[in-house]
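Shown next: upload.pdb, given as PDB, C-alpha atoms.
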ATOM      1  CA  LYS A   1       0.000   0.000   0.000
ATOM      2  CA  ASP A   2       3.058   2.277   0.156
ATOM      3  CA  ILE A   3       3.957   1.958  -3.548
ATOM      4  CA  VAL A   4       4.416   5.465  -4.978
ATOM      5  CA  ASP A   5       5.797   4.909  -8.491
ATOM      6  CA  LEU A   6       5.618   1.720 -10.486
ATOM      7  CA  LEU A   7       7.833   0.990 -13.491
ATOM      8  CA  MET A   8       7.402  -2.561 -14.725
ATOM      9  CA  ASN A   9      10.325  -4.175 -16.523
ATOM     10  CA  ASN A  10       9.804  -7.855 -15.791
ATOM     11  CA  PRO A  11       8.175  -9.591 -18.787
ATOM     12  CA  LYS A  12       5.200 -11.302 -17.140
ATOM     13  CA  PHE A  13       2.925 -10.308 -20.072
ATOM     14  CA  GLU A  14      -0.135  -9.948 -17.821
ATOM     15  CA  ILE A  15      -1.139  -7.887 -14.796
ATOM     16  CA  VAL A  16      -3.286 -10.383 -12.932
ATOM     17  CA  GLU A  17      -6.541  -9.618 -11.121
ATOM     18  CA  GLU A  18      -6.323  -7.474  -7.973
ATOM     19  CA  CYS A  19      -2.549  -7.223  -8.473
ATOM     20  CA  PHE A  20      -2.290  -3.646  -7.184
ATOM     21  CA  LYS A  21      -5.772  -3.216  -5.750
ATOM     22  CA  GLY A  22      -5.890  -0.696  -2.911
ATOM     23  CA  CYS A  23      -2.332   0.618  -3.356
ATOM     24  CA  LYS A  24      -3.497   4.003  -2.180
ATOM     25  CA  LYS A  25      -0.139   5.763  -2.526
ATOM     26  CA  LEU A  26       0.493   4.711  -6.118
ATOM     27  CA  VAL A  27       0.725   7.955  -8.098
ATOM     28  CA  GLN A  28       2.250   7.149 -11.487
ATOM     29  CA  LEU A  29       2.130   4.028 -13.615
ATOM     30  CA  SER A  30       4.052   3.154 -16.763
ATOM     31  CA  ILE A  31       3.065  -0.161 -18.314
ATOM     32  CA  PRO A  32       5.761  -1.587 -20.627
ATOM     33  CA  PRO A  33       5.084  -2.665 -24.223
ATOM     34  CA  PHE A  34       5.071  -6.405 -23.557
ATOM     35  CA  ILE A  35       2.005  -6.448 -21.278
ATOM     36  CA  THR A  36      -1.052  -7.746 -23.140
ATOM     37  CA  LYS A  37      -3.703  -7.896 -20.418
ATOM     38  CA  ILE A  38      -4.769  -5.841 -17.391
ATOM     39  CA  GLY A  39      -6.803  -8.120 -15.129
ATOM     40  CA  GLU A  40      -9.995  -7.552 -13.148
ATOM     41  CA  ASN A  41      -9.670  -5.066 -10.281
ATOM     42  CA  ALA A  42      -5.946  -4.738 -11.074
ATOM     43  CA  PHE A  43      -5.762  -1.092  -9.947
ATOM     44  CA  LYS A  44      -9.107  -0.715  -8.232
ATOM     45  CA  ASP A  45      -9.128   1.763  -5.335
ATOM     46  CA  CYS A  46      -5.731   3.244  -6.205
ATOM     47  CA  LYS A  47      -7.047   6.548  -4.913
ATOM     48  CA  PHE A  48      -4.003   8.680  -5.748
ATOM     49  CA  LEU A  49      -3.194   7.293  -9.198
ATOM     50  CA  ARG A  50      -2.954  10.388 -11.396
ATOM     51  CA  GLU A  51      -1.131   9.251 -14.504
ATOM     52  CA  ILE A  52      -1.092   6.043 -16.511
ATOM     53  CA  THR A  53       0.329   5.047 -19.867
ATOM     54  CA  ILE A  54      -1.235   2.020 -21.539
ATOM     55  CA  PRO A  55       0.883   0.644 -24.418
ATOM     56  CA  PHE A  56      -0.411  -0.648 -27.757
ATOM     57  CA  SER A  57       0.506  -4.192 -26.695
ATOM     58  CA  VAL A  58      -2.479  -4.295 -24.309
ATOM     59  CA  THR A  59      -5.421  -6.065 -25.960
ATOM     60  CA  SER A  60      -7.645  -6.571 -22.924
ATOM     61  CA  ILE A  61      -8.590  -4.341 -19.989
ATOM     62  CA  GLU A  62     -10.818  -6.395 -17.707
ATOM     63  CA  CYS A  63     -13.785  -5.413 -15.508
ATOM     64  CA  ASN A  64     -13.227  -2.892 -12.691
ATOM     65  CA  ALA A  65      -9.568  -2.477 -13.678
ATOM     66  CA  PHE A  66      -9.403   1.208 -12.697
ATOM     67  CA  GLU A  67     -12.555   1.527 -10.628
ATOM     68  CA  ASN A  68     -12.442   4.284  -8.007
ATOM     69  CA  CYS A  69      -9.131   5.734  -9.203
ATOM     70  CA  SER A  70     -10.575   9.044  -8.162
ATOM     71  CA  LEU A  71      -7.595  11.279  -9.102
ATOM     72  CA  LEU A  72      -7.069   9.876 -12.604
ATOM     73  CA  LYS A  73      -7.680  12.759 -15.029
ATOM     74  CA  GLN A  74      -7.096  11.417 -18.523
ATOM     75  CA  ILE A  75      -6.462   8.181 -20.353
ATOM     76  CA  THR A  76      -6.076   6.921 -23.910
ATOM     77  CA  ILE A  77      -7.436   3.518 -24.842
ATOM     78  CA  PRO A  78      -4.930   1.972 -27.294
ATOM     79  CA  PRO A  79      -6.159   0.717 -30.694
ATOM     80  CA  SER A  80      -5.396  -2.857 -29.683
ATOM     81  CA  VAL A  81      -8.327  -2.837 -27.219
ATOM     82  CA  THR A  82     -11.741  -3.779 -28.642
ATOM     83  CA  SER A  83     -13.934  -3.585 -25.538
ATOM     84  CA  ILE A  84     -14.261  -1.311 -22.510
ATOM     85  CA  GLN A  85     -15.624  -3.751 -19.978
ATOM     86  CA  ASN A  86     -17.997  -3.427 -17.032
ATOM     87  CA  TYR A  87     -17.071  -0.834 -14.379
ATOM     88  CA  THR A  88     -13.622  -0.275 -15.934
ATOM     89  CA  PHE A  89     -13.496   3.442 -15.035
ATOM     90  CA  SER A  90     -16.457   3.611 -12.665
ATOM     91  CA  GLY A  91     -15.929   6.139  -9.890
ATOM     92  CA  CYS A  92     -13.032   7.934 -11.614
ATOM     93  CA  THR A  93     -14.539  11.232 -10.508
ATOM     94  CA  LEU A  94     -11.778  13.518 -11.904
ATOM     95  CA  LEU A  95     -11.528  11.821 -15.288
ATOM     96  CA  SER A  96     -12.123  14.680 -17.734
ATOM     97  CA  GLN A  97     -10.653  13.304 -20.950
ATOM     98  CA  ILE A  98     -10.846   9.863 -22.504
ATOM     99  CA  ASN A  99      -9.767   8.964 -26.009
ATOM    100  CA  ILE A 100     -11.555   5.940 -27.453
ATOM    101  CA  LEU A 101     -10.180   4.792 -30.786
ATOM    102  CA  SER A 102     -12.088   3.121 -33.603
ATOM    103  CA  SER A 103     -11.042  -0.378 -32.555
ATOM    104  CA  VAL A 104     -13.559  -0.365 -29.683
ATOM    105  CA  THR A 105     -16.869  -2.084 -30.445
ATOM    106  CA  SER A 106     -18.452  -2.300 -26.991
ATOM    107  CA  ILE A 107     -18.766  -0.102 -23.880
ATOM    108  CA  GLY A 108     -19.734  -2.234 -20.893
ATOM    109  CA  LYS A 109     -22.112  -1.892 -17.986
ATOM    110  CA  LYS A 110     -21.380   1.210 -15.890
ATOM    111  CA  ALA A 111     -17.999   1.535 -17.615
ATOM    112  CA  PHE A 112     -17.890   5.291 -16.888
ATOM    113  CA  TYR A 113     -20.390   5.398 -14.041
ATOM    114  CA  GLU A 114     -20.014   8.523 -11.905
ATOM    115  CA  CYS A 115     -17.179  10.009 -13.954
ATOM    116  CA  ARG A 116     -18.388  13.395 -12.781
ATOM    117  CA  SER A 117     -15.721  15.515 -14.519
ATOM    118  CA  LEU A 118     -16.164  14.032 -17.986
ATOM    119  CA  GLU A 119     -17.431  16.873 -20.208
ATOM    120  CA  LYS A 120     -17.328  15.226 -23.607
ATOM    121  CA  ILE A 121     -16.606  11.872 -25.121
ATOM    122  CA  ASN A 122     -16.122  10.740 -28.680
ATOM    123  CA  ILE A 123     -17.877   7.445 -29.301
ATOM    124  CA  PRO A 124     -16.422   6.050 -32.526
ATOM    125  CA  PRO A 125     -18.649   4.528 -35.239
ATOM    126  CA  SER A 126     -17.134   1.118 -34.497
ATOM    127  CA  VAL A 127     -19.144   0.925 -31.249
ATOM    128  CA  THR A 128     -22.258  -1.240 -31.603
ATOM    129  CA  ASN A 129     -23.128  -1.683 -27.937
ATOM    130  CA  ILE A 130     -23.452   0.852 -25.103
ATOM    131  CA  ASP A 131     -24.481  -1.161 -22.067
ATOM    132  CA  GLU A 132     -26.606  -0.400 -19.009
ATOM    133  CA  GLY A 133     -25.561   2.683 -17.056
ATOM    134  CA  ALA A 134     -22.453   3.159 -19.195
ATOM    135  CA  PHE A 135     -22.409   6.953 -18.656
ATOM    136  CA  GLU A 136     -24.789   7.206 -15.715
ATOM    137  CA  LYS A 137     -24.085  10.106 -13.348
ATOM    138  CA  CYS A 138     -21.553  11.733 -15.677
ATOM    139  CA  ALA A 139     -22.700  15.038 -14.243
ATOM    140  CA  SER A 140     -20.504  17.306 -16.447
ATOM    141  CA  LEU A 141     -21.264  15.635 -19.780
ATOM    142  CA  ARG A 142     -22.808  18.317 -22.015
ATOM    143  CA  TYR A 143     -23.434  16.599 -25.322
ATOM    144  CA  ILE A 144     -23.312  13.154 -26.792
ATOM    145  CA  ILE A 145     -23.392  11.837 -30.342
ATOM    146  CA  ILE A 146     -24.542   8.248 -30.516
ATOM    147  CA  PRO A 147     -23.042   6.608 -33.620
ATOM    148  CA  SER A 148     -25.250   5.027 -36.258
ATOM    149  CA  SER A 149     -23.783   1.620 -35.448
ATOM    150  CA  VAL A 150     -25.838   1.549 -32.212
ATOM    151  CA  THR A 151     -29.358   0.060 -32.299
ATOM    152  CA  LEU A 152     -30.283   0.107 -28.601
ATOM    153  CA  ILE A 153     -29.914   2.739 -25.875
ATOM    154  CA  ALA A 154     -29.682   0.603 -22.770
ATOM    155  CA  ARG A 155     -31.242   1.113 -19.368
ATOM    156  CA  SER A 156     -29.901   4.182 -17.546
ATOM    157  CA  ALA A 157     -27.200   4.594 -20.183
ATOM    158  CA  PHE A 158     -27.165   8.386 -19.713
ATOM    159  CA  ALA A 159     -29.277   8.752 -16.571
ATOM    160  CA  GLU A 160     -28.490  11.624 -14.185
ATOM    161  CA  CYS A 161     -26.223  13.398 -16.662
ATOM    162  CA  GLU A 162     -27.308  16.670 -15.110
ATOM    163  CA  MET A 163     -25.518  18.991 -17.565
ATOM    164  CA  LEU A 164     -26.453  17.102 -20.731
ATOM    165  CA  GLU A 165     -27.951  19.649 -23.133
ATOM    166  CA  ASN A 166     -27.755  17.933 -26.507
ATOM    167  CA  VAL A 167     -28.007  14.344 -27.620
ATOM    168  CA  TYR A 168     -28.089  12.965 -31.135
ATOM    169  CA  ILE A 169     -30.028   9.729 -31.606
ATOM    170  CA  PRO A 170     -29.401   8.181 -35.044
ATOM    171  CA  HIS A 171     -31.959   6.383 -37.220
ATOM    172  CA  SER A 172     -30.271   3.080 -36.459
ATOM    173  CA  VAL A 173     -31.738   3.128 -32.918
ATOM    174  CA  THR A 174     -34.893   1.014 -32.560
ATOM    175  CA  ALA A 175     -35.366   1.049 -28.784
ATOM    176  CA  ILE A 176     -34.733   3.430 -25.879
ATOM    177  CA  ASN A 177     -34.848   1.439 -22.672
ATOM    178  CA  GLU A 178     -36.145   2.400 -19.244
ATOM    179  CA  CYS A 179     -34.522   5.359 -17.474
ATOM    180  CA  ALA A 180     -32.138   5.874 -20.417
ATOM    181  CA  PHE A 181     -32.104   9.669 -19.960
ATOM    182  CA  SER A 182     -33.826   9.924 -16.586
ATOM    183  CA  LYS A 183     -32.929  12.998 -14.500
ATOM    184  CA  CYS A 184     -31.065  14.744 -17.334
ATOM    185  CA  SER A 185     -32.233  18.022 -15.874
ATOM    186  CA  SER A 186     -30.581  20.314 -18.491
ATOM    187  CA  LEU A 187     -31.960  18.525 -21.549
ATOM    188  CA  GLU A 188     -34.350  20.896 -23.354
ATOM    189  CA  LYS A 189     -35.039  19.142 -26.639
ATOM    190  CA  ILE A 190     -34.975  15.605 -27.955
ATOM    191  CA  ASP A 191     -35.480  14.308 -31.490
ATOM    192  CA  ILE A 192     -36.628  10.704 -31.564
ATOM    193  CA  PRO A 193     -36.187   9.157 -35.018
ATOM    194  CA  ASN A 194     -39.019   7.192 -36.601
ATOM    195  CA  SER A 195     -36.911   4.043 -36.389
ATOM    196  CA  VAL A 196     -37.651   3.867 -32.642
ATOM    197  CA  TYR A 197     -40.504   1.476 -31.909
ATOM    198  CA  SER A 198     -40.077   1.166 -28.142
ATOM    199  CA  ILE A 199     -39.501   3.735 -25.379
ATOM    200  CA  GLY A 200     -39.131   2.231 -21.932
ATOM    201  CA  ARG A 201     -40.592   3.265 -18.621
ATOM    202  CA  SER A 202     -39.188   6.522 -17.203
ATOM    203  CA  ALA A 203     -36.891   6.912 -20.205
ATOM    204  CA  PHE A 204     -37.068  10.719 -19.865
ATOM    205  CA  SER A 205     -38.513  11.041 -16.375
ATOM    206  CA  LEU A 206     -37.536  14.101 -14.327
ATOM    207  CA  CYS A 207     -35.983  15.853 -17.317
ATOM    208  CA  THR A 208     -37.197  19.061 -15.744
ATOM    209  CA  SER A 209     -35.983  21.396 -18.541
ATOM    210  CA  LEU A 210     -37.413  19.375 -21.399
ATOM    211  CA  LYS A 211     -39.562  21.629 -23.581
ATOM    212  CA  GLU A 212     -39.758  19.898 -26.940
ATOM    213  CA  VAL A 213     -39.938  16.281 -28.101
ATOM    214  CA  THR A 214     -40.001  15.535 -31.825
ATOM    215  CA  PHE A 215     -40.947  12.138 -33.250
TER     216      PHE A 215
END

What is this file in structure tokens?
Amino acid sequence: KDIVDLLMNNPKFEIVEECFKGCKKLVQLSIPPFITKIGENAFKDCKFLREITIPFSVTSIECNAFENCSLLKQITIPPSVTSIQNYTFSGCTLLSQINILSSVTSIGKKAFYECRSLEKINIPPSVTNIDEGAFEKCASLRYIIIPSSVTLIARSAFAECEMLENVYIPHSVTAINECAFSKCSSLEKIDIPNSVYSIGRSAFSLCTSLKEVTF
């Protein structure tokens, strides 16, 4: 728990699950270019981790890998990674910048849950799945463009994004699930394309600024 800086130079190829979980004094992390996998909960609860470099050799970042790294401010997902898994960055409350490249096809359940400093995010057209609560409680997120590769807006995907003002829903979307945009209190207008055949319970509940809905 007293690790401050970590420079890996021993070719183990994988950071196993819970390897550095709870190392609360770890500040800086440089992962070398022979690591291919970051395991579940590998850096969970590293409360003072501010800087991390993920090399192109990494092909898999497992669930909860950086959960509750509350001082982490920015991160780039390398093009070798195809999926952002469940809870990967959940609780990273200072994360303000994330670069997702076009290799990513799926954003998992609550992957960015409660990333309260995240103001914008570029979701590439390669993404086909945005799972339940993926951006829930991203309180600083102001706008979102959902790519035309997505067909379903999952439950609570953007719920409680209190600053969300604009959202683009493409004609590829056929269903908006329950609570998808619930409590988006700054949202004033929403255009729902005619491709949507199902809108779930409370999908736009407590959107207190909502003035116009166009079908």

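Here the question is which of A:Cys19, A:Val213, A:Val173, A:Val58 gets nearest to Pro32 of chain A using only C-alpha atoms, and that residue is A:Val58.
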
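Excluding Ile35 of chain A itself and same-chain residues fewer than 6 positions from it, the residues having an atom within 7 Å of it are A:Phe13, A:Glu14, A:Ser57, A:Val58, counting all atoms listed in the file.
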
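Nearest to Leu152 of chain A of all the residues A:Cys46, A:Ile121, A:Val16, A:Ile130 is A:Ile130, based on only C-alpha atoms.
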
Quick one: residues within 12 Å of Glu114 of chain A, all atoms listed in the file counted, chain neighbours fewer than 2 positions away excluded, as a ChimeraX atom specification? /A:67-70,87-96,110-112,116-118,133-141,157-162

Starting from the displayed file, determine the output of the PyMOL selection byres ((chain A and resi 28) around 6) and express the residue list as an MDAnalysis selection string. chainID A and resid 5 27 29 49 51

Close residues, Cys207 of chain A itself excluded, 7 Å, only C-alpha atoms, min 2 positions apart in chain, as a PyMOL selection string: chain A and resi 182-185+187+204-205+209-210

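Between atom CA of Gly39 of chain A and atom CA of Pro79 of chain A there is a distance of 17.9 Å.
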
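Of the listed residues A:Pro170, A:Gly22, A:Pro124, A:Pro33, the one whose atoms come nearest to Asn194 of chain A is A:Pro170, with distances taken using all atoms listed in the file.
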
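Here the question is which of A:Leu164, A:Ile146, A:Leu72, A:Ala180 gets nearest to Asn122 of chain A using all atoms listed in the file, and that residue is A:Ile146.
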
Take the point (-38.9, 6.3, -22.6) as written in the file and pick out every residue within 7 Å of it, counting only C-alpha atoms; give the list as a list in words. Ile176, Asn177, Glu178, Cys179, Ile199, Gly200, Arg201, Ser202, Ala203 and Phe204 of chain A

Give me a file of those residues, with C-alpha atoms, as a JSON list (two decimals), in the coordinates of the input.
[["chain", "number", "residue", "atom", "x", "y", "z"],
["A", 176, "ILE", "CA", -34.73, 3.43, -25.88],
["A", 177, "ASN", "CA", -34.85, 1.44, -22.67],
["A", 178, "GLU", "CA", -36.15, 2.40, -19.24],
["A", 179, "CYS", "CA", -34.52, 5.36, -17.47],
["A", 199, "ILE", "CA", -39.50, 3.74, -25.38],
["A", 200, "GLY", "CA", -39.13, 2.23, -21.93],
["A", 201, "ARG", "CA", -40.59, 3.26, -18.62],
["A", 202, "SER", "CA", -39.19, 6.52, -17.20],
["A", 203, "ALA", "CA", -36.89, 6.91, -20.20],
["A", 204, "PHE", "CA", -37.07, 10.72, -19.86]]

Closest to Lys21 of chain A among A:Gln74, A:Ser186, A:Asn41, A:Asn64, using all atoms listed in the file? A:Asn41

How would you write as a CSV table (one decimal) with C-alpha atoms, in the coordinates of the input the residues that get within 6 Å of (-23.8, -4.2, -21.0) in the file's frame, counting all atoms listed in the file?
chain,number,residue,atom,x,y,z
A,108,GLY,CA,-19.7,-2.2,-20.9
A,109,LYS,CA,-22.1,-1.9,-18.0
A,131,ASP,CA,-24.5,-1.2,-22.1
A,132,GLU,CA,-26.6,-0.4,-19.0

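Near Val104 of chain A, within 8 Å and counting only C-alpha atoms, sit Pro79, Val81, Thr82, Ser83, Ile84, Ile100, Pro124, Ser126 and Val127 of chain A, not including residues fewer than 4 positions from it in the same chain.
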
Between A:Phe34, A:Phe48, A:Tyr168, A:Phe56, smallest distance to Tyr143 of chain A by only C-alpha atoms belongs to A:Tyr168

Could you pull the residues within 7 Å of Ile15 of chain A, counting all atoms listed in the file, minus those fewer than 6 positions along the same chain, as a ChimeraX atom specification? /A:37-39,42

Output as a short mmCIF file (atom, residue, chain, number, x, y, z; two decimals), keeping the file's coordinate frame: segment 153-166 of chain A, completed with N, CA, C and O atoms.
data_model
loop_
_atom_site.label_atom_id
_atom_site.label_comp_id
_atom_site.auth_asym_id
_atom_site.auth_seq_id
_atom_site.Cartn_x
_atom_site.Cartn_y
_atom_site.Cartn_z
N ILE A 153 -30.42 1.92 -26.98
CA ILE A 153 -29.91 2.74 -25.88
C ILE A 153 -30.35 2.03 -24.60
O ILE A 153 -31.55 1.96 -24.28
N ALA A 154 -29.40 1.50 -23.89
CA ALA A 154 -29.68 0.60 -22.77
C ALA A 154 -30.22 1.34 -21.55
O ALA A 154 -30.16 2.58 -21.45
N ARG A 155 -30.69 0.58 -20.61
CA ARG A 155 -31.24 1.11 -19.37
C ARG A 155 -30.23 2.02 -18.66
O ARG A 155 -29.08 1.65 -18.47
N SER A 156 -30.69 3.21 -18.32
CA SER A 156 -29.90 4.18 -17.55
C SER A 156 -28.57 4.55 -18.19
O SER A 156 -27.66 5.03 -17.51
N ALA A 157 -28.48 4.35 -19.50
CA ALA A 157 -27.20 4.59 -20.18
C ALA A 157 -26.65 6.00 -19.94
O ALA A 157 -25.45 6.19 -19.75
N PHE A 158 -27.57 6.99 -19.92
CA PHE A 158 -27.16 8.39 -19.71
C PHE A 158 -27.96 9.03 -18.57
O PHE A 158 -28.08 10.26 -18.52
N ALA A 159 -28.47 8.24 -17.68
CA ALA A 159 -29.28 8.75 -16.57
C ALA A 159 -28.45 9.65 -15.65
O ALA A 159 -27.26 9.42 -15.44
N GLU A 160 -29.10 10.69 -15.14
CA GLU A 160 -28.49 11.62 -14.18
C GLU A 160 -27.25 12.32 -14.74
O GLU A 160 -26.32 12.67 -13.99
N CYS A 161 -27.24 12.52 -16.06
CA CYS A 161 -26.22 13.40 -16.66
C CYS A 161 -26.80 14.81 -16.58
O CYS A 161 -27.44 15.29 -17.53
N GLU A 162 -26.59 15.45 -15.47
CA GLU A 162 -27.31 16.67 -15.11
C GLU A 162 -27.03 17.86 -16.03
O GLU A 162 -27.86 18.76 -16.14
N MET A 163 -25.88 17.87 -16.69
CA MET A 163 -25.52 18.99 -17.57
C MET A 163 -25.76 18.68 -19.04
O MET A 163 -25.49 19.53 -19.90
N LEU A 164 -26.26 17.50 -19.34
CA LEU A 164 -26.45 17.10 -20.73
C LEU A 164 -27.50 17.99 -21.40
O LEU A 164 -28.66 18.02 -20.99
N GLU A 165 -27.07 18.71 -22.43
CA GLU A 165 -27.95 19.65 -23.13
C GLU A 165 -28.38 19.13 -24.50
O GLU A 165 -29.48 19.41 -24.95
N ASN A 166 -27.48 18.41 -25.15
CA ASN A 166 -27.76 17.93 -26.51
C ASN A 166 -27.40 16.46 -26.65
O ASN A 166 -26.35 16.02 -26.17
#
